[in-house]
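Q: Okay, so here is coords.cif, and as you'll see once you scroll down, it has mmCIF, C-alpha atoms.
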data_start
loop_
_atom_site.label_atom_id
_atom_site.label_comp_id
_atom_site.auth_asym_id
_atom_site.auth_seq_id
_atom_site.Cartn_x
_atom_site.Cartn_y
_atom_site.Cartn_z
CA MET A 1 -5.78 65.33 -77.92
CA THR A 2 -2.42 63.80 -77.12
CA PRO A 3 0.43 63.69 -79.67
CA LEU A 4 -0.25 61.04 -82.33
CA GLY A 5 -3.49 60.26 -80.48
CA ALA A 6 -1.49 57.86 -78.29
CA GLU A 7 -2.12 57.07 -74.65
CA GLN A 8 -0.34 59.55 -72.41
CA ALA A 9 1.17 56.72 -70.34
CA ASP A 10 2.74 55.25 -73.50
CA LEU A 11 4.11 58.61 -74.57
CA ASP A 12 5.58 59.15 -71.11
CA ALA A 13 7.19 55.70 -71.09
CA VAL A 14 8.81 56.26 -74.48
CA GLU A 15 9.99 59.74 -73.54
CA ALA A 16 11.52 58.33 -70.35
CA ILE A 17 13.69 55.97 -72.44
CA VAL A 18 14.97 58.92 -74.46
CA ARG A 19 15.65 61.07 -71.40
CA ALA A 20 17.45 58.22 -69.64
CA ALA A 21 19.87 57.89 -72.57
CA GLY A 22 21.38 61.21 -71.52
CA THR A 23 22.14 62.43 -75.04
CA SER A 24 21.53 65.77 -76.74
CA PHE A 25 18.94 64.05 -78.94
CA TYR A 26 16.17 64.77 -76.41
CA ARG A 27 16.76 68.52 -76.51
CA GLY A 28 17.39 68.53 -80.25
CA MET A 29 13.98 67.09 -81.06
CA ARG A 30 12.25 69.94 -79.25
CA VAL A 31 12.36 71.89 -82.50
CA LEU A 32 9.66 69.54 -83.85
CA PRO A 33 5.88 69.82 -83.43
CA PRO A 34 4.49 67.38 -80.83
CA ASP A 35 3.35 64.63 -83.26
CA ARG A 36 6.69 64.55 -85.08
CA ARG A 37 8.69 64.90 -81.86
CA HIS A 38 7.03 61.89 -80.25
CA ALA A 39 7.39 59.87 -83.44
CA MET A 40 11.12 60.55 -83.25
CA TYR A 41 11.20 59.64 -79.58
CA ALA A 42 9.65 56.27 -80.49
CA VAL A 43 12.16 55.71 -83.31
CA TYR A 44 15.01 56.57 -80.95
CA ALA A 45 13.63 54.31 -78.20
CA PHE A 46 13.47 51.42 -80.67
CA CYS A 47 17.06 52.06 -81.76
CA ARG A 48 18.25 52.32 -78.16
CA ILE A 49 16.59 49.04 -77.19
CA VAL A 50 17.97 46.99 -80.09
CA ASP A 51 21.41 48.58 -79.69
CA ASP A 52 21.44 47.58 -76.03
CA ILE A 53 20.49 44.03 -76.98
CA ALA A 54 23.51 43.84 -79.30
CA ASP A 55 26.02 45.57 -77.01
CA GLU A 56 25.20 44.55 -73.45
CA GLU A 57 26.32 41.42 -71.64
CA GLY A 58 24.74 38.18 -72.81
CA THR A 59 25.37 35.13 -74.95
CA LEU A 60 25.09 35.28 -78.71
CA PRO A 61 21.94 33.08 -78.73
CA GLU A 62 20.32 35.43 -76.19
CA LYS A 63 21.18 38.47 -78.31
CA LEU A 64 19.94 36.88 -81.52
CA THR A 65 16.73 35.84 -79.78
CA GLY A 66 16.18 39.40 -78.56
CA LEU A 67 16.77 40.87 -82.00
CA ALA A 68 14.54 38.23 -83.63
CA GLN A 69 11.79 39.16 -81.20
CA TRP A 70 12.02 42.79 -82.27
CA HIS A 71 12.00 41.73 -85.94
CA ALA A 72 8.70 39.96 -85.22
CA TRP A 73 7.39 42.93 -83.24
CA ILE A 74 8.12 45.30 -86.14
CA ASP A 75 6.15 42.96 -88.41
CA ASP A 76 3.36 43.13 -85.81
CA VAL A 77 3.48 46.94 -85.82
CA TYR A 78 2.68 46.88 -89.54
CA ALA A 79 -0.12 44.40 -88.88
CA GLY A 80 -1.58 46.63 -86.17
CA ARG A 81 -0.54 44.42 -83.24
CA ASN A 82 1.29 45.94 -80.27
CA HIS A 83 3.25 44.62 -77.31
CA ASP A 84 4.53 47.54 -75.24
CA PRO A 85 4.56 51.36 -75.12
CA VAL A 86 7.26 51.62 -77.81
CA THR A 87 5.41 49.47 -80.33
CA ARG A 88 2.12 51.19 -79.55
CA VAL A 89 3.60 54.64 -80.24
CA LEU A 90 5.50 53.34 -83.26
CA THR A 91 2.25 52.01 -84.74
CA ARG A 92 0.80 55.52 -84.56
CA ALA A 93 3.98 57.08 -85.98
CA VAL A 94 4.09 54.61 -88.89
CA ALA A 95 0.50 55.47 -89.80
CA ALA A 96 1.01 59.22 -89.44
CA PHE A 97 4.26 59.56 -91.38
CA ASP A 98 4.44 56.47 -93.61
CA LEU A 99 7.60 55.14 -91.98
CA ARG A 100 8.94 52.16 -93.91
CA ARG A 101 9.23 48.68 -92.44
CA ASP A 102 12.44 47.92 -94.35
CA ASP A 103 14.24 50.74 -92.54
CA PHE A 104 13.39 49.32 -89.10
CA ILE A 105 14.52 45.88 -90.25
CA ALA A 106 17.77 47.33 -91.60
CA VAL A 107 18.54 48.76 -88.15
CA ILE A 108 17.99 45.33 -86.59
CA ASP A 109 20.26 43.78 -89.25
CA GLY A 110 22.96 46.30 -88.34
CA MET A 111 22.70 45.31 -84.71
CA ARG A 112 23.03 41.67 -85.75
CA MET A 113 26.34 42.56 -87.42
CA ASP A 114 27.61 43.91 -84.08
CA ALA A 115 26.16 41.00 -82.08
CA GLU A 116 27.43 38.18 -84.27
CA THR A 117 31.07 39.24 -84.41
CA GLU A 118 33.60 41.69 -83.03
CA ILE A 119 33.99 43.94 -86.07
CA VAL A 120 37.68 44.58 -86.71
CA ALA A 121 38.97 46.38 -89.81
CA PRO A 122 35.99 45.87 -92.14
CA ASP A 123 36.63 46.46 -95.82
CA LEU A 124 35.04 49.60 -97.26
CA ALA A 125 32.07 47.72 -98.73
CA THR A 126 31.27 46.15 -95.35
CA LEU A 127 31.72 49.49 -93.58
CA GLU A 128 29.33 51.13 -96.05
CA LEU A 129 26.77 48.38 -95.43
CA TYR A 130 27.17 48.76 -91.67
CA CYS A 131 26.72 52.55 -91.87
CA ASP A 132 23.67 52.14 -94.08
CA ARG A 133 22.03 49.83 -91.56
CA VAL A 134 22.87 51.47 -88.24
CA ALA A 135 22.78 55.13 -89.33
CA VAL A 136 21.35 55.77 -92.78
CA ALA A 137 18.25 53.64 -92.15
CA VAL A 138 17.62 55.72 -89.03
CA GLY A 139 18.03 58.81 -91.19
CA ARG A 140 15.46 57.55 -93.69
CA LEU A 141 12.98 57.07 -90.85
CA SER A 142 13.87 60.46 -89.41
CA VAL A 143 13.41 62.61 -92.51
CA ARG A 144 9.89 61.26 -92.90
CA ALA A 145 9.11 62.03 -89.28
CA PHE A 146 10.65 65.47 -89.79
CA GLY A 147 8.21 66.14 -92.63
CA ASP A 148 9.94 65.42 -95.94
CA ALA A 149 9.42 62.04 -97.63
CA SER A 150 10.94 63.03 -100.97
CA PRO A 151 13.76 61.18 -102.75
CA THR A 152 15.96 64.19 -102.05
CA ALA A 153 15.32 63.78 -98.32
CA ASP A 154 16.50 60.18 -98.67
CA ARG A 155 19.68 61.60 -100.23
CA VAL A 156 20.11 63.69 -97.07
CA ALA A 157 19.76 60.52 -95.00
CA HIS A 158 22.24 58.69 -97.25
CA ALA A 159 24.95 61.31 -96.78
CA LEU A 160 24.25 62.65 -93.30
CA GLY A 161 23.86 59.20 -91.76
CA ARG A 162 27.27 58.20 -93.07
CA ALA A 163 28.85 61.47 -91.93
CA LEU A 164 27.48 61.05 -88.41
CA GLN A 165 28.52 57.40 -88.15
CA LEU A 166 32.06 58.03 -89.40
CA THR A 167 32.36 60.84 -86.85
CA ASN A 168 31.20 58.45 -84.13
CA ILE A 169 33.80 55.90 -85.25
CA LEU A 170 36.58 58.49 -85.02
CA ARG A 171 35.35 59.79 -81.65
CA ASP A 172 35.00 56.32 -80.08
CA LEU A 173 38.29 54.72 -81.16
CA GLN A 174 39.48 54.00 -77.62
CA GLU A 175 36.09 52.86 -76.35
CA ASP A 176 35.71 50.50 -79.30
CA ALA A 177 39.26 49.16 -78.95
CA ASP A 178 38.57 48.37 -75.29
CA ARG A 179 35.80 46.07 -76.60
CA ASN A 180 38.18 44.66 -79.24
CA ARG A 181 36.41 46.49 -82.06
CA LEU A 182 37.95 48.58 -84.82
CA TYR A 183 35.70 50.16 -87.42
CA LEU A 184 38.47 51.84 -89.43
CA PRO A 185 38.46 50.44 -92.99
CA LEU A 186 40.82 47.65 -93.97
CA GLU A 187 42.06 49.41 -97.09
CA TYR A 188 43.08 52.56 -95.18
CA LEU A 189 44.84 50.54 -92.47
CA GLU A 190 46.79 48.47 -94.97
CA ASP A 191 47.83 51.54 -96.96
CA ALA A 192 49.23 53.12 -93.79
CA GLY A 193 50.85 49.93 -92.52
CA VAL A 194 48.67 49.87 -89.40
CA PRO A 195 48.15 46.42 -87.83
CA LEU A 196 44.69 44.88 -88.11
CA ASP A 197 44.29 44.62 -84.37
CA ALA A 198 42.11 46.98 -82.38
CA ARG A 199 44.44 47.70 -79.47
CA ALA A 200 47.62 47.77 -81.54
CA ALA A 201 46.10 50.02 -84.20
CA ILE A 202 45.18 52.91 -81.90
CA THR A 203 48.79 53.28 -80.70
CA HIS A 204 50.45 52.85 -84.10
CA PRO A 205 52.24 55.87 -85.67
CA GLY A 206 50.21 55.43 -88.86
CA LEU A 207 46.89 55.88 -87.09
CA GLY A 208 46.79 59.61 -87.84
CA LYS A 209 47.00 59.03 -91.58
CA VAL A 210 44.10 56.57 -91.43
CA CYS A 211 41.94 58.84 -89.27
CA SER A 212 42.65 61.92 -91.38
CA ARG A 213 41.62 60.01 -94.48
CA LEU A 214 38.38 58.84 -92.86
CA ALA A 215 37.70 62.35 -91.56
CA ALA A 216 38.05 63.71 -95.10
CA ARG A 217 35.49 61.13 -96.23
CA ALA A 218 33.14 62.28 -93.46
CA HIS A 219 33.56 65.94 -94.51
CA ASP A 220 32.63 64.96 -98.07
CA TYR A 221 29.43 63.38 -96.76
CA PHE A 222 28.63 66.47 -94.66
CA ARG A 223 28.97 68.62 -97.80
CA GLU A 224 26.82 66.20 -99.81
CA ALA A 225 24.14 66.27 -97.11
CA ASP A 226 24.18 70.06 -96.95
CA ALA A 227 23.72 70.34 -100.71
CA ALA A 228 20.77 67.92 -100.62
CA MET A 229 19.17 69.78 -97.70
CA ARG A 230 19.07 72.96 -99.75
CA ALA A 231 16.66 71.21 -102.15
CA CYS A 232 14.39 69.98 -99.32
CA ASP A 233 11.67 71.53 -97.19
CA PRO A 234 13.67 73.98 -95.01
CA VAL A 235 11.40 73.59 -91.98
CA ALA A 236 11.52 69.78 -92.12
CA MET A 237 15.31 69.86 -92.41
CA LYS A 238 15.82 72.03 -89.31
CA PRO A 239 16.66 69.13 -86.96
CA ALA A 240 18.85 67.50 -89.62
CA ARG A 241 20.79 70.75 -89.98
CA LEU A 242 21.21 70.94 -86.20
CA MET A 243 22.54 67.37 -86.03
CA GLY A 244 24.82 67.95 -89.00
CA ALA A 245 26.25 71.17 -87.57
CA THR A 246 26.80 69.57 -84.16
CA TYR A 247 28.62 66.53 -85.50
CA ALA A 248 30.64 68.55 -88.02
CA ALA A 249 31.84 70.68 -85.10
CA ILE A 250 32.79 67.53 -83.16
CA LEU A 251 34.72 66.22 -86.17
CA SER A 252 36.63 69.49 -86.44
CA MET A 253 37.46 69.34 -82.73
CA LEU A 254 38.77 65.79 -83.15
CA GLU A 255 41.01 66.96 -86.00
CA ARG A 256 42.35 69.84 -83.90
CA ARG A 257 43.00 67.50 -80.96
CA GLY A 258 44.91 65.11 -83.19
CA TRP A 259 44.89 61.32 -83.29
CA GLU A 260 47.72 60.58 -80.85
CA ARG A 261 45.38 60.56 -77.83
CA PRO A 262 42.27 58.65 -78.93
CA GLY A 263 41.16 58.14 -75.32
CA GLU A 264 40.85 61.89 -74.74
CA ARG A 265 37.14 62.58 -75.09
CA VAL A 266 35.93 65.52 -77.17
CA SER A 267 32.70 67.37 -76.52
CA LEU A 268 31.31 70.73 -77.50
CA PRO A 269 31.63 73.49 -74.92
CA LEU A 270 28.38 74.84 -73.49
CA TRP A 271 28.65 78.12 -75.39
CA ARG A 272 28.88 76.24 -78.70
CA LYS A 273 25.85 74.10 -77.86
CA LEU A 274 23.87 77.22 -76.93
CA TRP A 275 24.94 78.99 -80.12
CA LEU A 276 23.89 76.03 -82.27
CA GLY A 277 20.61 75.79 -80.37
CA VAL A 278 19.82 79.43 -81.04
CA ARG A 279 20.90 79.25 -84.67
CA TYR A 280 18.74 76.22 -85.45
CA GLY A 281 15.72 77.22 -83.43
CA LEU A 282 16.09 74.99 -80.36
CA PHE A 283 15.52 77.89 -77.99
#
Represent the structure contained in this file as C-alpha cells.

A:
Amino acid sequence: MTPLGAEQADLDAVEAIVRAAGTSFYRGMRVLPPDRRHAMYAVYAFCRIVDDIADEEGTLPEKLTGLAQWHAWIDDVYAGRNHDPVTRVLTRAVAAFDLRRDDFIAVIDGMRMDAETEIVAPDLATLELYCDRVAVAVGRLSVRAFGDASPTADRVAHALGRALQLTNILRDLQEDADRNRLYLPLEYLEDAGVPLDARAAITHPGLGKVCSRLAARAHDYFREADAAMRACDPVAMKPARLMGATYAAILSMLERRGWERPGERVSLPLWRKLWLGVRYGLF
C-alpha cells in the first residue's frame, strides 16, 4: 500500500516539487509517518505553485487567471474531481486528515494580495491579515496533517505562523526592497521617522528601531506558540517544534548581525542544523 493510497507516480511528482524547492522543509517532514509526510508534501506543493503564480513574471490578468484556476481546482478537490498529481494527492490528504477548504482558499487570497499590488508599508491590520493568509492558514492545514486537529493546535498555527512570517520579513528585507516591496508595518515606520519607500527605508538610520520592534513581536508569538504546543499532542507537534526552533534561531542570528546590513544573508551553520535535527527526531 502506498502512502495515502495514492498512485506512486503522483506521489513521486509531488515529492519532486518539494525537493526542487531546495528548502529544509523536505528534510524536516521526514519526522512524520508516510501518510502525514506525503500530505504535507502535497500542501507544500500547492503553496509553492500558487506562490510562484503570484511572484513570477507575468501580467496581472495572467496571475489572477492562474490563481482563479487554483481556486476552482480546490473546489474540485472537495467535490472529488482531480486535474493533476498535486490535486490527486491533496484529495486523499483532505479525506484522511479533514483538511479545511477555507484554509486553502485563504492561501490563494494571500497570493492575490501579493499579485494585485506591490505591498509597501501595510498598516498592522493589513499585515496581520496577510500573515493569516500566507502563513497561519498553512499552519492550520499543517497541524491537522501532523495529527492534532484541536482548537489548541489552531492556536499553535495562529502564533507560530505569524512568528515564522515576521522572521521571513526581517530576513528578506533587501530581497523584498529589490522588488519594491516593504512588509514592515506603517505604524512602526512612522514612529521611527522611516520613509514609506522600500529602497529608502532599508538604508535609513531608523530601520534598526523598526526591525527590533518587529523582532520583539515575533518573539512574543514564538513564546505564545510554545505555550500552546505544551497543551497539544507532543508527537504531533514534533515538526512544529522543529520549525519553531529553527526560525527562532534565525531570528536571534538576525538580531546579532544587526539591521545595518539587510543584504547580508543569515543561515544556520551546519552544526546547528544537525543539533536541531537530533533534538527533534529528524535523524

Q: Find, counting all atoms listed in the file, the residue in A:Leu129, A:Ala72, A:Ala145, A:Ala135 that gets nearest to Ala96 (chain A).

A: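 Looking at the shortest contact to Ala96 (chain A), the residue is A:Ala145.
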
Q: Residues of region 63-107 of chain A within 7 Å of region 34-56 of chain A: nearest atom pair and distance (Å, one decimal) for each, counting all atoms listed in the file, sorted by chain and number, as a Markdown table?

A:
| residue | atom | partner | partner_atom | distance |
| --- | --- | --- | --- | --- |
| A:Lys63 | CA | A:Ile53 | CA | 5.8 |
| A:Gly66 | CA | A:Ile53 | CA | 6.5 |
| A:Leu67 | CA | A:Val50 | CA | 6.5 |
| A:Val86 | CA | A:Ala42 | CA | 5.9 |
| A:Val89 | CA | A:Ala42 | CA | 6.3 |
| A:Leu90 | CA | A:Ala42 | CA | 5.8 |
| A:Ala93 | CA | A:Ala39 | CA | 5.1 |

Q: What does the PyMOL selection byres ((chain A and resi 250) around 10) select in this file, as a PDB file with C-alpha atoms, in the coordinates of the input?

A:
ATOM      1  CA  LEU A 164      27.480  61.050 -88.410  1.00  0.00           C
ATOM      2  CA  THR A 167      32.360  60.840 -86.850  1.00  0.00           C
ATOM      3  CA  ASN A 168      31.200  58.450 -84.130  1.00  0.00           C
ATOM      4  CA  LEU A 170      36.580  58.490 -85.020  1.00  0.00           C
ATOM      5  CA  ARG A 171      35.350  59.790 -81.650  1.00  0.00           C
ATOM      6  CA  GLY A 244      24.820  67.950 -89.000  1.00  0.00           C
ATOM      7  CA  ALA A 245      26.250  71.170 -87.570  1.00  0.00           C
ATOM      8  CA  THR A 246      26.800  69.570 -84.160  1.00  0.00           C
ATOM      9  CA  TYR A 247      28.620  66.530 -85.500  1.00  0.00           C
ATOM     10  CA  ALA A 248      30.640  68.550 -88.020  1.00  0.00           C
ATOM     11  CA  ALA A 249      31.840  70.680 -85.100  1.00  0.00           C
ATOM     12  CA  LEU A 251      34.720  66.220 -86.170  1.00  0.00           C
ATOM     13  CA  SER A 252      36.630  69.490 -86.440  1.00  0.00           C
ATOM     14  CA  MET A 253      37.460  69.340 -82.730  1.00  0.00           C
ATOM     15  CA  LEU A 254      38.770  65.790 -83.150  1.00  0.00           C
ATOM     16  CA  GLU A 255      41.010  66.960 -86.000  1.00  0.00           C
ATOM     17  CA  ARG A 256      42.350  69.840 -83.900  1.00  0.00           C
ATOM     18  CA  VAL A 266      35.930  65.520 -77.170  1.00  0.00           C
ATOM     19  CA  SER A 267      32.700  67.370 -76.520  1.00  0.00           C
ATOM     20  CA  LEU A 268      31.310  70.730 -77.500  1.00  0.00           C
TER      21      LEU A 268
END

Q: To one decimal place, how far is CA of Leu184 (chain A) from CA of Lys209 (chain A) in Å?

A: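 We find that CA of Leu184 (chain A) and CA of Lys209 (chain A) lie 11.4 Å from each other.
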
Q: If I take CA of Arg92 (chain A) and CA of Ala115 (chain A), how far is one from the other in Å, to one decimal?

A: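 According to the coordinates, CA of Arg92 (chain A) and CA of Ala115 (chain A) are separated by 29.3 Å.
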
Q: When distances are computed from all atoms listed in the file, which of A:Leu124, A:Leu160, A:Ile119, A:Ala137 shows the smallest separation from Asp102 (chain A)?

A: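 The closest residue to Asp102 (chain A) is A:Ala137.
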
Q: I'd like the residues picked by the PyMOL selection byres ((chain A and resi 233-236) around 7) written out as number ranges by chain, using the chain letters and numbers from the file.

A: A: 146-148, 232, 237-238

Q: Need to verify the contact set: Tyr183 (chain A), 12 Å, only C-alpha atoms, exclusion of same-chain residues closer than 4 positions in sequence. Can you return it as a PDB file with C-alpha atoms, in the coordinates of the input?

A:
ATOM      1  CA  ASP A 114      27.610  43.910 -84.080  1.00  0.00           C
ATOM      2  CA  GLU A 118      33.600  41.690 -83.030  1.00  0.00           C
ATOM      3  CA  ILE A 119      33.990  43.940 -86.070  1.00  0.00           C
ATOM      4  CA  VAL A 120      37.680  44.580 -86.710  1.00  0.00           C
ATOM      5  CA  ALA A 121      38.970  46.380 -89.810  1.00  0.00           C
ATOM      6  CA  PRO A 122      35.990  45.870 -92.140  1.00  0.00           C
ATOM      7  CA  ASP A 123      36.630  46.460 -95.820  1.00  0.00           C
ATOM      8  CA  LEU A 124      35.040  49.600 -97.260  1.00  0.00           C
ATOM      9  CA  THR A 126      31.270  46.150 -95.350  1.00  0.00           C
ATOM     10  CA  LEU A 127      31.720  49.490 -93.580  1.00  0.00           C
ATOM     11  CA  GLU A 128      29.330  51.130 -96.050  1.00  0.00           C
ATOM     12  CA  TYR A 130      27.170  48.760 -91.670  1.00  0.00           C
ATOM     13  CA  CYS A 131      26.720  52.550 -91.870  1.00  0.00           C
ATOM     14  CA  GLN A 165      28.520  57.400 -88.150  1.00  0.00           C
ATOM     15  CA  LEU A 166      32.060  58.030 -89.400  1.00  0.00           C
ATOM     16  CA  THR A 167      32.360  60.840 -86.850  1.00  0.00           C
ATOM     17  CA  ASN A 168      31.200  58.450 -84.130  1.00  0.00           C
ATOM     18  CA  ILE A 169      33.800  55.900 -85.250  1.00  0.00           C
ATOM     19  CA  LEU A 170      36.580  58.490 -85.020  1.00  0.00           C
ATOM     20  CA  ARG A 171      35.350  59.790 -81.650  1.00  0.00           C
ATOM     21  CA  ASP A 172      35.000  56.320 -80.080  1.00  0.00           C
ATOM     22  CA  LEU A 173      38.290  54.720 -81.160  1.00  0.00           C
ATOM     23  CA  GLN A 174      39.480  54.000 -77.620  1.00  0.00           C
ATOM     24  CA  GLU A 175      36.090  52.860 -76.350  1.00  0.00           C
ATOM     25  CA  ASP A 176      35.710  50.500 -79.300  1.00  0.00           C
ATOM     26  CA  ALA A 177      39.260  49.160 -78.950  1.00  0.00           C
ATOM     27  CA  ARG A 179      35.800  46.070 -76.600  1.00  0.00           C
ATOM     28  CA  GLU A 187      42.060  49.410 -97.090  1.00  0.00           C
ATOM     29  CA  TYR A 188      43.080  52.560 -95.180  1.00  0.00           C
ATOM     30  CA  LEU A 189      44.840  50.540 -92.470  1.00  0.00           C
ATOM     31  CA  LEU A 196      44.690  44.880 -88.110  1.00  0.00           C
ATOM     32  CA  ASP A 197      44.290  44.620 -84.370  1.00  0.00           C
ATOM     33  CA  ALA A 198      42.110  46.980 -82.380  1.00  0.00           C
ATOM     34  CA  ALA A 201      46.100  50.020 -84.200  1.00  0.00           C
ATOM     35  CA  ILE A 202      45.180  52.910 -81.900  1.00  0.00           C
ATOM     36  CA  VAL A 210      44.100  56.570 -91.430  1.00  0.00           C
ATOM     37  CA  CYS A 211      41.940  58.840 -89.270  1.00  0.00           C
ATOM     38  CA  LEU A 214      38.380  58.840 -92.860  1.00  0.00           C
TER      39      LEU A 214
END

Q: Provide the CA of Leu207 (chain A) to CA of Thr117 (chain A) distance in Å, to one decimal place.

A: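 That distance, rounded to one decimal, is 23.1 Å.
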
Q: Need the axis-aligned box for region 220-232 of chain A with 6 Å each side, so what are the centre and edges in Å to one decimal, as JSON?

A:
{"center_x": 23.5, "center_y": 68.2, "center_z": -98.4, "size_x": 30.2, "size_y": 21.6, "size_z": 19.5}

Q: Could you spell out the hits of the PyMOL selection byres ((chain A and resi 157) around 10) on the shown file, as a list in words?

A: Asp132, Ala135, Val136, Ala137, Val138, Gly139, Arg140, Leu141, Ser142, Val143, Pro151, Thr152, Ala153, Asp154, Arg155, Val156, His158, Ala159, Leu160, Gly161, Arg162, Ala163, Ala225, Ala228, Met229 and Ala240 of chain A

Q: Go ahead and write the residues just picked, C-alpha atoms, as a PDB file, in the coordinates of the input.

A:
ATOM      1  CA  ASP A 132      23.670  52.140 -94.080  1.00  0.00           C
ATOM      2  CA  ALA A 135      22.780  55.130 -89.330  1.00  0.00           C
ATOM      3  CA  VAL A 136      21.350  55.770 -92.780  1.00  0.00           C
ATOM      4  CA  ALA A 137      18.250  53.640 -92.150  1.00  0.00           C
ATOM      5  CA  VAL A 138      17.620  55.720 -89.030  1.00  0.00           C
ATOM      6  CA  GLY A 139      18.030  58.810 -91.190  1.00  0.00           C
ATOM      7  CA  ARG A 140      15.460  57.550 -93.690  1.00  0.00           C
ATOM      8  CA  LEU A 141      12.980  57.070 -90.850  1.00  0.00           C
ATOM      9  CA  SER A 142      13.870  60.460 -89.410  1.00  0.00           C
ATOM     10  CA  VAL A 143      13.410  62.610 -92.510  1.00  0.00           C
ATOM     11  CA  PRO A 151      13.760  61.180-102.750  1.00  0.00           C
ATOM     12  CA  THR A 152      15.960  64.190-102.050  1.00  0.00           C
ATOM     13  CA  ALA A 153      15.320  63.780 -98.320  1.00  0.00           C
ATOM     14  CA  ASP A 154      16.500  60.180 -98.670  1.00  0.00           C
ATOM     15  CA  ARG A 155      19.680  61.600-100.230  1.00  0.00           C
ATOM     16  CA  VAL A 156      20.110  63.690 -97.070  1.00  0.00           C
ATOM     17  CA  HIS A 158      22.240  58.690 -97.250  1.00  0.00           C
ATOM     18  CA  ALA A 159      24.950  61.310 -96.780  1.00  0.00           C
ATOM     19  CA  LEU A 160      24.250  62.650 -93.300  1.00  0.00           C
ATOM     20  CA  GLY A 161      23.860  59.200 -91.760  1.00  0.00           C
ATOM     21  CA  ARG A 162      27.270  58.200 -93.070  1.00  0.00           C
ATOM     22  CA  ALA A 163      28.850  61.470 -91.930  1.00  0.00           C
ATOM     23  CA  ALA A 225      24.140  66.270 -97.110  1.00  0.00           C
ATOM     24  CA  ALA A 228      20.770  67.920-100.620  1.00  0.00           C
ATOM     25  CA  MET A 229      19.170  69.780 -97.700  1.00  0.00           C
ATOM     26  CA  ALA A 240      18.850  67.500 -89.620  1.00  0.00           C
TER      27      ALA A 240
END

Q: List the spatial neighbours of Tyr78 (chain A) as a PDB file with C-alpha atoms, in the frame of the given file - criterion: any atom at most 12 Å away, all atoms listed in the file, same-chain residues fewer than 5 positions off excluded.

A:
ATOM      1  CA  HIS A  71      12.000  41.730 -85.940  1.00  0.00           C
ATOM      2  CA  ALA A  72       8.700  39.960 -85.220  1.00  0.00           C
ATOM      3  CA  TRP A  73       7.390  42.930 -83.240  1.00  0.00           C
ATOM      4  CA  THR A  87       5.410  49.470 -80.330  1.00  0.00           C
ATOM      5  CA  ARG A  88       2.120  51.190 -79.550  1.00  0.00           C
ATOM      6  CA  LEU A  90       5.500  53.340 -83.260  1.00  0.00           C
ATOM      7  CA  THR A  91       2.250  52.010 -84.740  1.00  0.00           C
ATOM      8  CA  ARG A  92       0.800  55.520 -84.560  1.00  0.00           C
ATOM      9  CA  ALA A  93       3.980  57.080 -85.980  1.00  0.00           C
ATOM     10  CA  VAL A  94       4.090  54.610 -88.890  1.00  0.00           C
ATOM     11  CA  ALA A  95       0.500  55.470 -89.800  1.00  0.00           C
ATOM     12  CA  ASP A  98       4.440  56.470 -93.610  1.00  0.00           C
ATOM     13  CA  LEU A  99       7.600  55.140 -91.980  1.00  0.00           C
ATOM     14  CA  ARG A 100       8.940  52.160 -93.910  1.00  0.00           C
ATOM     15  CA  ARG A 101       9.230  48.680 -92.440  1.00  0.00           C
ATOM     16  CA  ASP A 102      12.440  47.920 -94.350  1.00  0.00           C
ATOM     17  CA  PHE A 104      13.390  49.320 -89.100  1.00  0.00           C
ATOM     18  CA  ILE A 105      14.520  45.880 -90.250  1.00  0.00           C
TER      19      ILE A 105
END

Q: Could you complete region 120-131 of chain A so that it carries N, CA and C atoms, and give it back as a PDB file, in the coordinates of the input?

A:
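Dumped everything to rebuild.pdb:
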ATOM      1  N   VAL A 120      36.313  44.068 -86.715  1.00  0.00           N
ATOM      2  CA  VAL A 120      37.680  44.580 -86.710  1.00  0.00           C
ATOM      3  C   VAL A 120      38.130  44.776 -88.149  1.00  0.00           C
ATOM      4  N   ALA A 121      38.440  46.030 -88.493  1.00  0.00           N
ATOM      5  CA  ALA A 121      38.970  46.380 -89.810  1.00  0.00           C
ATOM      6  C   ALA A 121      38.093  45.862 -90.952  1.00  0.00           C
ATOM      7  N   PRO A 122      36.826  46.289 -91.015  1.00  0.00           N
ATOM      8  CA  PRO A 122      35.990  45.870 -92.140  1.00  0.00           C
ATOM      9  C   PRO A 122      36.478  46.499 -93.435  1.00  0.00           C
ATOM     10  N   ASP A 123      36.298  45.795 -94.557  1.00  0.00           N
ATOM     11  CA  ASP A 123      36.630  46.460 -95.820  1.00  0.00           C
ATOM     12  C   ASP A 123      35.596  47.557 -96.078  1.00  0.00           C
ATOM     13  N   LEU A 124      35.888  48.425 -97.029  1.00  0.00           N
ATOM     14  CA  LEU A 124      35.040  49.600 -97.260  1.00  0.00           C
ATOM     15  C   LEU A 124      33.599  49.208 -97.597  1.00  0.00           C
ATOM     16  N   ALA A 125      33.427  48.138 -98.366  1.00  0.00           N
ATOM     17  CA  ALA A 125      32.070  47.720 -98.730  1.00  0.00           C
ATOM     18  C   ALA A 125      31.289  47.295 -97.490  1.00  0.00           C
ATOM     19  N   THR A 126      31.943  46.574 -96.581  1.00  0.00           N
ATOM     20  CA  THR A 126      31.270  46.150 -95.350  1.00  0.00           C
ATOM     21  C   THR A 126      30.988  47.351 -94.455  1.00  0.00           C
ATOM     22  N   LEU A 127      31.934  48.286 -94.375  1.00  0.00           N
ATOM     23  CA  LEU A 127      31.720  49.490 -93.580  1.00  0.00           C
ATOM     24  C   LEU A 127      30.551  50.299 -94.123  1.00  0.00           C
ATOM     25  N   GLU A 128      30.454  50.416 -95.451  1.00  0.00           N
ATOM     26  CA  GLU A 128      29.330  51.130 -96.050  1.00  0.00           C
ATOM     27  C   GLU A 128      28.003  50.450 -95.709  1.00  0.00           C
ATOM     28  N   LEU A 129      27.976  49.120 -95.777  1.00  0.00           N
ATOM     29  CA  LEU A 129      26.770  48.380 -95.430  1.00  0.00           C
ATOM     30  C   LEU A 129      26.401  48.606 -93.970  1.00  0.00           C
ATOM     31  N   TYR A 130      27.396  48.543 -93.094  1.00  0.00           N
ATOM     32  CA  TYR A 130      27.170  48.760 -91.670  1.00  0.00           C
ATOM     33  C   TYR A 130      26.599  50.161 -91.423  1.00  0.00           C
ATOM     34  N   CYS A 131      27.208  51.168 -92.032  1.00  0.00           N
ATOM     35  CA  CYS A 131      26.720  52.550 -91.870  1.00  0.00           C
ATOM     36  C   CYS A 131      25.298  52.690 -92.393  1.00  0.00           C
TER      37      CYS A 131
END
